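Written out below as structure tokens is the structure these notes cover.
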Amino acid sequence: MIMEEKSLSVLEYTKITEQLAELAKNADAKKMARELKPSPAFREVEQSLMETDAAVTMSLKFGAPEILRFEPVDEALRRLTLGGGLSAAELLNAARVLRCARLLKRYNEEQTGVLSGYFSELTAEKSVEDAINNAIISEDEISDMASPALSNIRRKMKNISAKIKESLDSLVRSERYRKLLMDNIVTMRNNRYVVPVKAEHRGEVAGIVHDMSSSGSTVFIEPSGVVNANNELHELEIKEKSEIDRILFELSNMVGGISEQLKYNYDTIIMIDFIFAKAKLALDMKAVCPKINSSGRISIIKGRHPLIDRSKIVPTDVNLGIDFDSLVVTGPNTGGKTVVLKTIGLFCLMTQAGLHIPANEESEMAVFDNVFADIGDEQSIEQSLSTFSSHMKNIVHIVNNAGKNTLVLFDELGAGTDPTEGAALAIAVIESIRDMGARVAATTHYSELKLYALSTDGVENASCEFDVETLSPTYKLLIGVPGKSNAFAISRKLGLPDSIIDRAKDRLSDENVKFEDVLGSIEESRISAERARDEQEAMRLEIVQLKDELQRERDKIDRKKDKIYDNAREKADKIIKQAQEETERMLEDVKRLVREKRDEDALRAMEEVRKQLKLKEKKNVRPKSRRSGGVKSNVNLNTLKLGANVLIIDLNDKGTVLSINKENKTAVIQVGIMKITAKLSNLVVLDDEKGSRPESYSPPARSSTLNTNRSAKTELDLRGMSIGEAELEVDKFLDEAVLSGLSSVSLIHGKGTGALRAGIQNYLRHHPHVRRFRLGKFGEGDAGVTVVELK
């Protein structure tokens, strides 16, 4: 069944298809858009909507596919079947079709869905595409590399042209010919190189005349010296054209070999272009895919007529065919009644054409066999008869063709004639169409139709709200509420005297007055109830918002609390682990010392270590060394001598000066069998040869650092460790190196990703024992090693 063309026109469906056509890329896709008609077949509508929805999803997820513009290929392919060849422009067009097919296949790689069938049907012919693009630069230019023969011909043409120009340039610059020429230039006539000679000197220049200026003062002569070269150039041009024709014919044969694939690619791309144009229209309208049914149910939620300015349109809720099969919309003129009818009808047509509708996602539309609409503006009094006749002609056509699964829309049903007769006719028409099983929506001013809707099952009143105070419609549809004409209220607001309005009221029957009063009372009650509901909804939303904010704050506090607990636990675990590792290391050092020396100092050191360990276990922190109380360095850089007895303040140990580094202000001290590098500011020169301490000296609590004889390593291998593990190892290693008097050490971290190297070097920047560090040089391990210079 074909949809009514008149309905498509009055519901402005063609404006939607024109918008759709503008969004398509190719001419045939635009043609499909303009010729798109709503379908009454449920499965066809369902498939079309699914395709549009899939294209919307793909556009949002991956972006719209790149669809190239090209010309139709039917005529070119038809000529190929007859043994003809294609022009450069037609071959380039074929290459664009092939490239577009290849790009679309790549766009849909490894995807499944409703549209995958279209993409999978495309065929990529890269060899043919490349052959055309490599040979043809533009519609008017063939590449030199199209064939070796063409390249050779053009090289010869270039050389000959250069020789001809050189010969002619020499001629026009010579003293002999300068006075004979109109201009000292070389130009072309009839595709031959010529020079412009003054007419009176034409006999003095040997050659062939090819042209003359319009005034006759200049003749264009091909000098005899270049005639042979020009002839040779002309012959090469003929060969060039012949070779180009051969190349184009060869490329045409290649296209002919894939003509079926090319035609299939073209048709498929046009369909994809059309489908994604529907998706673009849906995104532009902020439209959704409605649910569809075959039982005549319409439920439009927050529907927006797509042809009305978005900034001005008021979303409308409409339902039909659920609790009632007929809807009577009343209200004053310019109140939006016609917009309601057009929205219902246009949404049905768009849905059945596979287009999304600008409404909320919960909206539902029926698939009808046909949609009939009698919609038109009211005419003047002089035209009332013709208007009524025109409307009645449409109504007769609708009554004769409407059926069970049809939608019928009437605008101002029964208008244009006597109100009493018009109202009676309107009710009779609605009842007749209802008996056929059709869905009906009609607008009217007649009170009789309001009463009919109130008293008839399956028929519902609706009205377009009107603000009498501002004399303007709100365009809000109220289903279940009949509308007042508001003629008296509007007239009073506009300044009509009360005496006239009262006289008009006296002429109304008591029934009409009571009915209008009831409608007014209903309207006032509805407005009050709606305001109360709005206030209640606002309070509910505020409570929900406050509850959400409170929950967010509570969650935020819980997250902070968990983070504090986690950080404290992690820090405590790290401190305990570090203390345990240092304990093990120090005990191992003491045990080794006991094994090696077994002397009284080692035993005393072990006892000292045990005391320090007990102190650390209580505090879970690493003890810091303390300065000797009350003792200050008395070292003078100029008077300190080698062999002098000194006290190392930090270590509380005596030793003998072995060497002095004045630049760094340090000295190497022999303490027992150990050599220690110390700053001069950390030394006290003892008073006598026996090394007695200064009187101001007060013995400090001894540091846990052992002044023991140890063989310190100069390298530490950190490969395979995490950054945290490496930092602990480096810290212990540098302490041992400083106590052993080492000036530099090497840390082996390997090259790898560089993460371990970066972490170690960041740690070294803040370490108290480190003076500076650098990457290893050639032979030292390169970037896999960091060399550290100690203070």
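Ligands are numbered from 1 in the order shown, chains are lettered A, B, ... in the order of the structure tokens, and residues start at 1 in each chain.
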Who sits within 12 Å of Glu362 in chain A, only C-alpha atoms, same chain under 5 positions skipped, as a ChimeraX atom specification: /A:287-292,298-303,317,357
Selection near Thr714 in chain A, 9 Å with only C-alpha atoms, sequence-local residues under 2 positions removed, as a list in words: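 Once the nearby chain positions are removed, what remains is Ala712, Leu716, Ala737, Leu742, Ser744, Val745, Ser746 and Leu747 of chain A.
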DSSP-assigned strand (DSSP E) among range 90-318 of chain A, expressed as an MDAnalysis selection string: chainID A and resid 136:138 141:142 187:189 192:198 207:212 218:223 291:293 298:303 316:318
Residue set, range 329-399 of chain A restricted to helix (DSSP H, G or I), as a PyMOL selection string: chain A and resi 337-352+381-399
Okay, now the selection with N, CA, C and O atoms, as a tab-separated table (two decimals), in the first residue's frame?
chain	number	residue	atom	x	y	z
A	337	LYS	N	-2.65	23.59	18.67
A	337	LYS	CA	-3.41	22.37	18.37
A	337	LYS	C	-2.91	21.73	17.07
A	337	LYS	O	-2.73	20.51	17.00
A	338	THR	N	-2.72	22.55	16.05
A	338	THR	CA	-2.28	22.00	14.75
A	338	THR	C	-0.88	21.40	14.86
A	338	THR	O	-0.59	20.38	14.23
A	339	VAL	N	-0.01	22.01	15.67
A	339	VAL	CA	1.33	21.47	15.86
A	339	VAL	C	1.27	20.07	16.47
A	339	VAL	O	2.04	19.18	16.11
A	340	VAL	N	0.31	19.88	17.38
A	340	VAL	CA	0.15	18.56	18.00
A	340	VAL	C	-0.20	17.52	16.94
A	340	VAL	O	0.38	16.44	16.88
A	341	LEU	N	-1.19	17.86	16.08
A	341	LEU	CA	-1.59	16.93	15.02
A	341	LEU	C	-0.41	16.63	14.09
A	341	LEU	O	-0.15	15.47	13.72
A	342	LYS	N	0.32	17.69	13.68
A	342	LYS	CA	1.42	17.48	12.75
A	342	LYS	C	2.55	16.68	13.39
A	342	LYS	O	3.22	15.90	12.70
A	343	THR	N	2.76	16.87	14.68
A	343	THR	CA	3.80	16.10	15.37
A	343	THR	C	3.45	14.61	15.36
A	343	THR	O	4.31	13.76	15.08
A	344	ILE	N	2.18	14.29	15.67
A	344	ILE	CA	1.76	12.88	15.67
A	344	ILE	C	1.95	12.28	14.27
A	344	ILE	O	2.55	11.21	14.11
A	345	GLY	N	1.43	12.99	13.25
A	345	GLY	CA	1.49	12.46	11.89
A	345	GLY	C	2.90	12.37	11.36
A	345	GLY	O	3.29	11.35	10.77
A	346	LEU	N	3.69	13.41	11.57
A	346	LEU	CA	5.06	13.42	11.03
A	346	LEU	C	5.92	12.36	11.71
A	346	LEU	O	6.74	11.70	11.06
A	347	PHE	N	5.74	12.17	13.01
A	347	PHE	CA	6.51	11.14	13.72
A	347	PHE	C	6.19	9.74	13.18
A	347	PHE	O	7.06	8.90	13.05
A	348	CYS	N	4.89	9.53	12.85
A	348	CYS	CA	4.51	8.23	12.27
A	348	CYS	C	5.19	8.03	10.92
A	348	CYS	O	5.75	6.96	10.64
A	349	LEU	N	5.17	9.06	10.08
A	349	LEU	CA	5.79	8.94	8.76
A	349	LEU	C	7.30	8.75	8.87
A	349	LEU	O	7.88	7.93	8.15
A	350	MET	N	7.95	9.51	9.76
A	350	MET	CA	9.41	9.38	9.92
A	350	MET	C	9.78	7.99	10.41
A	350	MET	O	10.72	7.36	9.92
A	351	THR	N	9.02	7.49	11.39
A	351	THR	CA	9.30	6.15	11.92
A	351	THR	C	9.19	5.10	10.83
A	351	THR	O	10.06	4.23	10.67
A	352	GLN	N	8.13	5.20	10.03
A	352	GLN	CA	7.90	4.19	9.00
A	352	GLN	C	8.84	4.36	7.80
A	352	GLN	O	8.91	3.50	6.94
A	381	ILE	N	-14.21	34.88	5.68
A	381	ILE	CA	-15.66	34.65	5.55
A	381	ILE	C	-16.04	34.50	4.08
A	381	ILE	O	-16.86	33.66	3.71
A	382	GLU	N	-15.43	35.34	3.21
A	382	GLU	CA	-15.76	35.28	1.79
A	382	GLU	C	-15.43	33.91	1.19
A	382	GLU	O	-16.03	33.48	0.22
A	383	GLN	N	-14.44	33.19	1.77
A	383	GLN	CA	-14.02	31.91	1.22
A	383	GLN	C	-14.56	30.72	2.01
A	383	GLN	O	-14.18	29.60	1.75
A	384	SER	N	-15.46	30.98	2.95
A	384	SER	CA	-15.90	29.92	3.85
A	384	SER	C	-16.55	28.75	3.12
A	384	SER	O	-16.33	27.60	3.45
A	385	LEU	N	-17.32	29.04	2.11
A	385	LEU	CA	-18.02	27.97	1.39
A	385	LEU	C	-17.02	27.07	0.69
A	385	LEU	O	-17.07	25.86	0.77
A	386	SER	N	-16.08	27.69	-0.02
A	386	SER	CA	-15.09	26.90	-0.74
A	386	SER	C	-14.19	26.13	0.24
A	386	SER	O	-13.77	25.02	-0.05
A	387	THR	N	-13.94	26.75	1.40
A	387	THR	CA	-13.12	26.07	2.40
A	387	THR	C	-13.83	24.84	2.92
A	387	THR	O	-13.25	23.74	3.01
A	388	PHE	N	-15.11	24.98	3.24
A	388	PHE	CA	-15.86	23.84	3.74
A	388	PHE	C	-15.94	22.74	2.68
A	388	PHE	O	-15.78	21.56	2.98
A	389	SER	N	-16.15	23.16	1.43
A	389	SER	CA	-16.24	22.17	0.36
A	389	SER	C	-14.93	21.42	0.20
A	389	SER	O	-14.91	20.19	0.00
A	390	SER	N	-13.83	22.16	0.29
A	390	SER	CA	-12.51	21.52	0.15
A	390	SER	C	-12.27	20.52	1.27
A	390	SER	O	-11.82	19.39	1.04
A	391	HIS	N	-12.58	20.95	2.50
A	391	HIS	CA	-12.42	20.04	3.65
A	391	HIS	C	-13.31	18.82	3.50
A	391	HIS	O	-12.89	17.69	3.77
A	392	MET	N	-14.54	19.04	3.10
A	392	MET	CA	-15.48	17.93	2.99
A	392	MET	C	-15.04	16.94	1.90
A	392	MET	O	-15.22	15.72	2.05
A	393	LYS	N	-14.43	17.46	0.82
A	393	LYS	CA	-13.93	16.57	-0.23
A	393	LYS	C	-12.84	15.65	0.33
A	393	LYS	O	-12.82	14.45	0.05
A	394	ASN	N	-11.96	16.23	1.14
A	394	ASN	CA	-10.90	15.42	1.77
A	394	ASN	C	-11.49	14.40	2.73
A	394	ASN	O	-11.06	13.24	2.79
A	395	ILE	N	-12.51	14.83	3.49
A	395	ILE	CA	-13.13	13.94	4.47
A	395	ILE	C	-13.80	12.77	3.77
A	395	ILE	O	-13.71	11.61	4.23
A	396	VAL	N	-14.48	13.04	2.65
A	396	VAL	CA	-15.13	11.96	1.88
A	396	VAL	C	-14.09	10.94	1.44
A	396	VAL	O	-14.29	9.72	1.54
A	397	HIS	N	-12.94	11.45	0.94
A	397	HIS	CA	-11.87	10.55	0.49
A	397	HIS	C	-11.35	9.71	1.66
A	397	HIS	O	-11.13	8.49	1.50
A	398	ILE	N	-11.20	10.33	2.82
A	398	ILE	CA	-10.68	9.61	3.98
A	398	ILE	C	-11.67	8.54	4.44
A	398	ILE	O	-11.30	7.40	4.72
A	399	VAL	N	-12.97	8.91	4.50
A	399	VAL	CA	-13.99	7.95	4.94
A	399	VAL	C	-14.03	6.74	4.00
A	399	VAL	O	-14.22	5.60	4.44
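Counting only C-alpha atoms, Arg246 in chain A has the following residues at most 10 Å away, ignoring those fewer than 6 positions along the same chain: Gly85, Ser147, Glu240 and Ser252 of chain A.
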Any chance you can output those residues with N, CA, C and O atoms as a compact mmCIF listing (two decimals), in the first residue's frame?
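This went into result-v7.txt:
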# COMPACT_ATOMS: atom_id res chain seq x y z
N GLY A 85 36.26 2.63 -24.65
CA GLY A 85 37.22 2.96 -23.60
C GLY A 85 36.71 4.07 -22.72
O GLY A 85 35.71 4.73 -23.03
N SER A 147 54.04 5.03 -18.63
CA SER A 147 54.69 3.96 -19.40
C SER A 147 56.09 4.43 -19.77
O SER A 147 56.33 5.64 -19.90
N GLU A 240 52.79 11.02 -28.69
CA GLU A 240 52.37 11.16 -27.29
C GLU A 240 50.88 10.88 -27.14
O GLU A 240 50.45 10.13 -26.27
N SER A 252 41.31 0.95 -19.18
CA SER A 252 39.88 0.67 -19.36
C SER A 252 39.63 -0.83 -19.32
O SER A 252 38.64 -1.31 -18.75
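Straight-line separation from CA of Ile67 in chain A to CA of Gly117 in chain A: 17.2 Å.
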Applying 8 Å and only C-alpha atoms, which residues near Ser294 in chain A remain after dropping the ones on its own chain fewer than 4 positions away? List them as a compact mmCIF listing (two decimals) with all heavy atoms, in the first residue's frame.
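So the final result, stored in around31.txt, reads:
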# COMPACT_ATOMS: atom_id res chain seq x y z
N PHE A 42 5.81 -3.96 8.56
CA PHE A 42 6.42 -3.89 9.90
C PHE A 42 7.88 -4.32 9.86
O PHE A 42 8.76 -3.65 10.44
CB PHE A 42 5.62 -4.76 10.87
CG PHE A 42 6.08 -4.65 12.30
CD1 PHE A 42 5.57 -3.66 13.13
CD2 PHE A 42 7.03 -5.52 12.81
CE1 PHE A 42 6.00 -3.55 14.44
CE2 PHE A 42 7.45 -5.42 14.11
CZ PHE A 42 6.94 -4.44 14.93
N ALA A 366 3.37 3.37 16.34
CA ALA A 366 2.71 2.27 15.64
C ALA A 366 3.07 2.31 14.15
O ALA A 366 3.39 3.37 13.61
CB ALA A 366 1.20 2.38 15.81
N VAL A 367 3.03 1.15 13.53
CA VAL A 367 3.24 1.05 12.08
C VAL A 367 1.85 0.91 11.45
O VAL A 367 1.19 -0.12 11.61
CB VAL A 367 4.13 -0.14 11.72
CG1 VAL A 367 4.26 -0.27 10.20
CG2 VAL A 367 5.51 0.02 12.35
N PHE A 368 1.41 1.97 10.74
CA PHE A 368 0.08 1.99 10.15
C PHE A 368 0.16 1.62 8.66
O PHE A 368 1.17 1.82 8.00
CB PHE A 368 -0.54 3.38 10.29
CG PHE A 368 -0.87 3.76 11.71
CD1 PHE A 368 -0.07 4.65 12.41
CD2 PHE A 368 -1.97 3.21 12.35
CE1 PHE A 368 -0.37 5.01 13.71
CE2 PHE A 368 -2.28 3.55 13.66
CZ PHE A 368 -1.48 4.45 14.35
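Excluding Ala428 in chain A and any residue on its chain fewer than 2 positions from it, the residues at most 12 Å away by only C-alpha atoms are Ile395, Val399, Leu413, Gly414, Glu421, Gly422, Ala423, Ala424, Leu425, Ala426, Ile430, Glu431, Ser432, Ile433, Arg434, Asp435, Glu448, Leu449 and Tyr452 of chain A.
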